[in-house]
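Structure file input-v2.txt; described as compact mmCIF, C-alpha atoms.
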# COMPACT_ATOMS: atom_id res chain seq x y z
CA MET J 6 79.92 191.17 298.96
CA ILE J 7 78.22 187.82 298.33
CA PRO J 8 78.86 187.89 294.53
CA ALA J 9 82.53 188.61 295.24
CA LEU J 10 82.77 185.63 297.61
CA ILE J 11 81.09 183.38 295.06
CA ALA J 12 83.44 184.55 292.31
CA PHE J 13 86.46 184.12 294.61
CA THR J 14 85.39 180.56 295.46
CA LEU J 15 84.97 179.74 291.77
CA LEU J 16 88.44 181.09 291.01
CA ILE J 17 89.93 178.91 293.75
CA VAL J 18 88.19 175.83 292.34
CA ILE J 19 89.31 176.66 288.79
CA TYR J 20 92.89 177.33 289.89
CA GLN J 21 93.00 174.07 291.83
CA GLY J 22 91.72 172.27 288.76
CA VAL J 23 94.46 173.87 286.66
CA LEU J 24 97.07 172.67 289.16
CA LEU J 25 95.75 169.11 288.89
CA TRP J 26 95.46 168.87 285.10
CA THR J 27 98.02 171.19 283.54
CA PRO J 28 101.46 169.84 282.57
CA TYR J 29 102.93 173.01 284.11
CA SER J 30 101.69 172.27 287.61
CA ALA J 31 105.29 172.08 288.83
CA VAL J 32 105.80 175.71 287.83
CA LEU J 33 102.56 177.18 289.14
CA PRO J 34 102.50 177.99 292.89
CA SER J 35 100.20 176.14 295.25
CA LEU J 36 97.30 177.86 296.99
CA SER J 37 99.14 177.76 300.32
CA LEU J 38 102.14 179.50 298.75
CA LEU J 39 99.88 182.17 297.24
CA VAL J 40 98.23 182.82 300.61
CA SER J 41 101.63 183.03 302.31
CA ASP J 42 103.00 185.44 299.69
CA TYR J 43 99.80 187.50 299.81
CA ILE J 44 100.16 188.06 303.56
CA GLU J 45 103.89 188.72 303.27
CA LEU J 46 103.32 191.31 300.57
CA LEU J 47 100.59 193.00 302.62
CA PHE J 48 103.13 193.97 305.29
CA ASP J 49 105.94 194.82 302.88
CA PRO J 50 106.74 198.58 303.02
CA SER J 51 108.02 198.54 299.45
CA TRP J 52 104.63 197.28 298.22
CA ILE J 53 102.76 200.01 300.07
CA SER J 54 105.18 202.67 298.81
CA ALA J 55 104.95 201.47 295.20
CA LEU J 56 101.14 201.33 295.36
CA MET J 57 100.90 204.85 296.80
CA ASN J 58 103.31 206.16 294.17
CA SER J 59 101.25 204.75 291.30
CA ILE J 60 97.95 205.88 292.83
CA GLY J 61 99.32 209.40 293.43
CA HIS J 62 100.70 209.52 289.89
CA SER J 63 97.32 208.46 288.49
CA VAL J 64 95.46 211.07 290.53
CA LEU J 65 97.79 213.86 289.41
CA MET J 66 97.44 212.78 285.79
CA LEU J 67 93.65 212.73 286.04
CA LEU J 68 93.61 216.20 287.59
CA GLY J 69 95.82 217.55 284.81
CA LEU J 70 93.79 215.88 282.07
CA SER J 71 90.55 217.09 283.68
CA LEU J 72 91.73 220.72 283.75
CA PHE J 73 92.93 220.46 280.15
CA SER J 74 89.62 218.95 279.06
CA LEU J 75 87.67 221.58 280.99
CA VAL J 76 89.42 224.37 279.11
CA LEU J 77 88.74 222.66 275.77
CA VAL J 78 85.05 222.21 276.59
CA MET J 79 84.72 225.83 277.72
CA ILE J 80 86.27 227.05 274.47
CA GLY J 81 84.22 224.58 272.43
CA ILE J 82 80.92 225.83 273.86
CA LYS J 83 81.69 229.33 272.61
CA VAL J 84 83.52 228.30 269.41
CA LYS J 85 81.63 225.44 267.76
CA TRP J 86 84.31 224.41 265.27
CA VAL J 87 86.73 223.85 268.17
CA SER J 88 84.22 221.50 269.80
CA VAL J 89 83.70 219.60 266.54
CA GLY J 90 87.43 219.26 265.90
CA VAL J 91 88.37 218.23 269.44
CA LYS J 92 85.53 215.71 269.61
CA GLN J 93 86.71 214.11 266.35
CA ILE J 94 90.31 213.95 267.62
CA SER J 95 89.05 212.35 270.83
CA GLU J 96 87.19 209.68 268.83
CA TRP J 97 90.29 208.97 266.72
CA MET J 98 92.47 208.62 269.82
CA ALA J 99 89.92 206.35 271.49
CA SER J 100 89.93 204.13 268.38
CA THR J 101 93.72 203.91 268.16
CA PRO J 102 95.08 200.55 269.41
CA THR J 103 96.89 200.88 272.72
CA ILE J 104 99.92 198.99 271.41
CA ALA J 105 100.31 201.54 268.60
CA ILE J 106 100.33 204.41 271.10
CA LEU J 107 102.88 202.54 273.24
CA LEU J 108 105.26 201.87 270.37
CA LEU J 109 104.97 205.35 268.86
CA GLY J 110 105.45 206.90 272.30
CA LEU J 111 108.63 204.91 272.86
CA ILE J 112 110.01 205.84 269.45
CA LEU J 113 109.12 209.54 269.56
CA PHE J 114 109.74 210.41 273.21
CA GLY J 115 112.05 207.74 274.62
CA LEU J 116 111.85 205.86 277.89
CA THR J 117 112.26 208.77 280.28
CA GLN J 118 109.56 211.09 278.94
CA SER J 119 106.98 208.83 277.37
CA VAL J 120 105.17 207.46 280.45
CA ASN J 121 102.96 210.50 281.07
CA ILE J 122 102.52 211.13 277.35
CA ILE J 123 101.43 207.56 276.58
CA VAL J 124 99.04 207.35 279.54
CA GLY J 125 97.67 210.79 278.69
CA PHE J 126 96.99 209.83 275.06
CA ILE J 127 95.12 206.70 276.13
CA VAL J 128 93.14 208.15 279.03
CA TRP J 129 92.37 211.67 277.79
CA PRO J 130 89.48 210.64 275.46
CA LEU J 131 87.71 209.04 278.46
CA VAL J 132 88.14 212.15 280.61
CA TYR J 133 87.12 214.52 277.82
CA GLU J 134 84.01 212.49 276.97
CA ARG J 135 82.85 212.46 280.60
CA LEU J 136 83.41 216.18 281.16
CA HIS J 137 81.97 217.15 277.78
CA HIS J 138 78.82 215.19 278.54
CA ALA J 139 78.50 216.69 282.03
CA LEU J 140 79.04 220.30 280.90
CA THR J 141 76.94 220.27 277.74
CA SER J 142 74.01 217.93 278.44
CA LEU J 143 71.74 220.50 280.07
CA THR J 144 68.12 219.61 280.74
CA ASP J 145 65.30 221.20 278.73
CA ASP J 146 64.27 223.29 281.73
CA GLU J 147 67.81 224.62 282.20
CA GLN J 148 68.08 225.52 278.52
CA ASP J 149 64.69 227.27 278.56
CA VAL J 150 65.64 229.34 281.62
CA MET J 151 68.98 230.32 280.07
CA ARG J 152 67.23 231.41 276.87
CA VAL J 153 64.74 233.58 278.73
CA PHE J 154 67.06 234.94 281.40
CA THR J 155 70.55 235.36 279.96
CA PRO J 156 72.89 234.32 282.78
CA THR J 157 76.20 235.92 283.63
CA TRP J 158 79.40 233.92 283.11
CA PHE J 159 79.49 233.09 286.83
CA GLU J 160 75.89 231.94 286.90
CA GLU J 161 76.24 229.81 283.76
CA TRP J 162 79.45 228.06 284.73
CA ILE J 163 79.48 227.92 288.52
CA LYS J 164 75.78 227.51 289.27
CA VAL J 165 74.71 225.49 286.21
CA ARG J 166 77.43 223.74 284.23
CA LEU J 167 80.13 223.01 286.84
CA ALA J 168 77.44 222.00 289.33
CA ARG J 169 76.66 219.10 287.00
CA VAL J 170 80.25 217.83 287.09
CA LYS J 171 79.74 216.44 290.59
CA ASP J 172 77.28 213.95 289.08
CA GLU J 173 80.14 212.57 286.97
CA LEU J 174 82.65 212.28 289.82
CA GLY J 175 81.36 208.87 290.82
CA SER J 176 81.81 207.40 287.35
CA MET J 177 85.14 209.21 286.95
CA THR J 178 86.39 207.55 290.14
CA ASN J 179 84.94 204.11 289.47
CA ILE J 180 85.69 203.84 285.74
CA VAL J 181 88.31 206.32 284.60
CA PHE J 182 90.61 206.12 287.63
CA PRO J 183 91.01 202.30 287.60
CA THR J 184 91.64 202.47 283.85
CA THR J 185 94.27 205.16 284.36
CA LEU J 186 95.97 203.19 287.14
CA LYS J 187 96.04 199.94 285.15
CA ILE J 188 97.44 201.63 282.04
CA LEU J 189 100.04 203.47 284.11
CA ILE J 190 101.18 200.21 285.71
CA MET J 191 101.39 198.55 282.30
CA VAL J 192 103.56 201.37 280.98
CA GLU J 193 105.72 201.23 284.14
CA VAL J 194 106.33 197.54 283.49
CA LEU J 195 107.39 198.18 279.90
CA HIS J 196 109.65 201.07 280.90
CA SER J 197 111.09 199.36 284.00
CA GLN J 198 110.62 202.57 286.00
CA SER J 199 111.49 202.26 289.67
CA GLY J 200 109.21 203.48 292.41
CA GLY J 201 105.87 202.42 290.92
CA TYR J 202 103.69 199.33 291.14
CA GLY J 203 104.79 198.25 287.70
CA PHE J 204 108.38 198.01 288.93
CA LEU J 205 107.31 195.29 291.39
CA TYR J 206 105.90 193.34 288.44
CA GLN J 207 109.18 193.78 286.63
CA LEU J 208 111.18 192.51 289.62
CA ALA J 209 108.90 189.49 290.00
CA ARG J 210 109.22 188.71 286.28
CA GLN J 211 112.99 188.97 286.33
CA SER J 212 113.18 186.69 289.40
CA PHE J 213 110.61 184.31 287.86
CA GLN J 214 108.41 184.62 290.97
CA ILE J 215 105.08 183.52 289.55
CA GLU J 216 103.44 183.60 292.97
CA ARG J 217 104.44 187.25 293.35
CA LEU J 218 103.00 188.12 289.92
CA ILE J 219 99.69 186.54 290.95
CA THR J 220 99.55 188.11 294.43
CA LEU J 221 100.43 191.56 293.07
CA THR J 222 97.47 191.22 290.74
CA ILE J 223 95.13 190.01 293.49
CA HIS J 224 96.16 192.90 295.73
CA LEU J 225 95.48 195.41 292.95
CA ILE J 226 92.03 193.92 292.28
CA VAL J 227 91.18 194.07 296.00
CA ILE J 228 92.36 197.69 296.34
CA LEU J 229 90.33 198.80 293.31
CA LYS J 230 87.27 196.91 294.56
CA ILE J 231 87.51 198.58 297.97
CA LEU J 232 87.92 201.98 296.33
CA LYS J 233 84.92 201.41 294.08
CA THR J 234 82.76 200.29 297.02
CA LEU J 235 83.72 203.32 299.14
CA THR J 236 83.19 205.85 296.35
CA SER J 237 79.88 204.28 295.31
CA TYR J 238 78.66 204.48 298.90
CA TYR J 239 79.86 208.08 299.26
CA PHE J 240 78.28 209.39 296.07
CA HIS J 241 75.08 207.42 296.65
CA LYS J 242 74.86 208.85 300.16
CA SER J 243 75.56 212.43 299.02
CA THR J 244 72.82 212.40 296.35
Rewrite the coordinates I just gave you, this time as structure tokens.
Amino acid sequence: MIPALIAFTLLIVIYQGVLLWTPYSAVLPSLSLLVSDYIELLFDPSWISALMNSIGHSVLMLLGLSLFSLVLVMIGIKVKWVSVGVKQISEWMASTPTIAILLLGLILFGLTQSVNIIVGFIVWPLVYERLHHALTSLTDDEQDVMRVFTPTWFEEWIKVRLARVKDELGSMTNIVFPTTLKILIMVEVLHSQSGGYGFLYQLARQSFQIERLITLTIHLIVILKILKTLTSYYFHKST
């Protein structure tokens, strides 16, 4: 909490300095205007609806990508060449520039279908890497026991491998989910899709409401910080 307050104070000082020295001070909103717009946005039903839509969309995408990755890891454990091939594809996709995926997605799939595809291509390597690590990085003791006492499918997957996934849920929530949400909002802005958080950015840009662009960003940072704090506390408490 204290580091956040210190950082927030520094940002205020820096922003005030920018207002005093930049030649574009007439365009940038004052601190009082930002505070006013921040409070106004907080009680705006359209903001809450757009935020919930984007969060729900991100959660559904992560669930779908997690199930897809789980199937690939399960097959890869039994068929080694599948694991090698999928892991290499994941590394290639992770190395591909985001802008290239955006442009190719727009060209190949169009505006209406490319949102989920683009976000999936960018986020899937992160999800697959986390699940692959959780399901395959068994301890030496676990491997020794499984070599001596051959487990059934249920014992191997439910009691050993899937039990380890819960250790990755904290990092999945704190790292992968914010990344998914931010990428989804970016794609929503580019596609001008209504109903999501990115659409609010698009409206603010079209109306040249710089204060709204800034307050939308501040709100998103605060929401993600609160989510990270709550999930960190929950997973720390449950371990």
Which distance in Å separates CA of Leu33 (chain J) and CA of Tyr20 (chain J), to one decimal?
9.7 Å
Would you mind reading off the distance between CA of Pro8 (chain J) and CA of Leu38 (chain J), one decimal, in Å?
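CA of Leu38 (chain J) lies at a distance of 25.1 Å from CA of Pro8 (chain J).
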Counting all atoms listed in the file, what are the residues of region 111-138 of chain J within 9 Å of region 184-203 of chain J, and for each of them which pair of atoms is the nearest and at what distance in Å, to one decimal? Sort the table by chain and rising number, as CSV.
residue,atom,partner,partner_atom,distance
J:Leu111,CA,J:His196,CA,9.0
J:Leu116,CA,J:His196,CA,6.1
J:Thr117,CA,J:His196,CA,8.2
J:Ser119,CA,J:His196,CA,8.9
J:Val120,CA,J:Val192,CA,6.3
J:Asn121,CA,J:Leu189,CA,8.2
J:Ile123,CA,J:Val192,CA,7.9
J:Val124,CA,J:Leu189,CA,6.1
J:Gly125,CA,J:Thr185,CA,8.7
J:Ile127,CA,J:Ile188,CA,8.1
J:Val128,CA,J:Thr185,CA,6.2
Once you add 3 Å to each side, what are the centre and edge lengths of the axis-aligned box holding all listed atoms of region 49-68 of chain J? One decimal in Å, as lines of an AutoDock Vina configuration file, if you can.
center_x = 100.8
center_y = 205.5
center_z = 294.4
size_x = 20.4
size_y = 27.4
size_z = 23.2
Coordinates-based distance that separates CA of Pro34 (chain J) from CA of Ile60 (chain J) (Å, one decimal)
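Interatomic distance here is 28.3 Å.
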Spatial neighbours of Ser35 (chain J), 10 Å, all atoms listed in the file, chain gap at least 3 places, as a VMD selection string
chain J and resid 20 to 21 24 30 to 32 38 to 41 216
Non-local contacts of region 91-98 of chain J (8 Å; all atoms listed in the file; under 2 positions in same chain excluded) as a ChimeraX atom specification
/J:77,87-89,100-101,126-127,129-130,133-134
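With only C-alpha atoms as the atoms that count, the residue of J:Leu67, J:Ala99, J:Gly81, J:Leu205 with the shortest distance to Ser54 (chain J) is J:Leu205.
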Using only C-alpha atoms, which residues sit within 10 Å of Arg217 (chain J) once same-chain residues fewer than 2 positions away are excluded, as a VMD selection string?
chain J and resid 34 38 to 39 42 to 43 46 205 to 206 208 to 210 212 to 215 219 to 223
Of the listed residues J:Leu113, J:Ile122, J:Leu47, J:Ile82, that which approaches Thr141 (chain J) most closely, counting all atoms listed in the file
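Checking each candidate against Thr141 (chain J), we get J:Ile82 as the closest.
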Given all atoms listed in the file as the basis, pick out the residue of J:Gly61, J:Gly90, J:Pro102, J:Gly22 nearest to Leu36 (chain J).
J:Gly22
Out of J:Leu232, J:Leu225, J:Val181, J:Val170, which residue has the shortest atom-to-atom distance to Leu75 (chain J) when counting all atoms listed in the file?
J:Val170
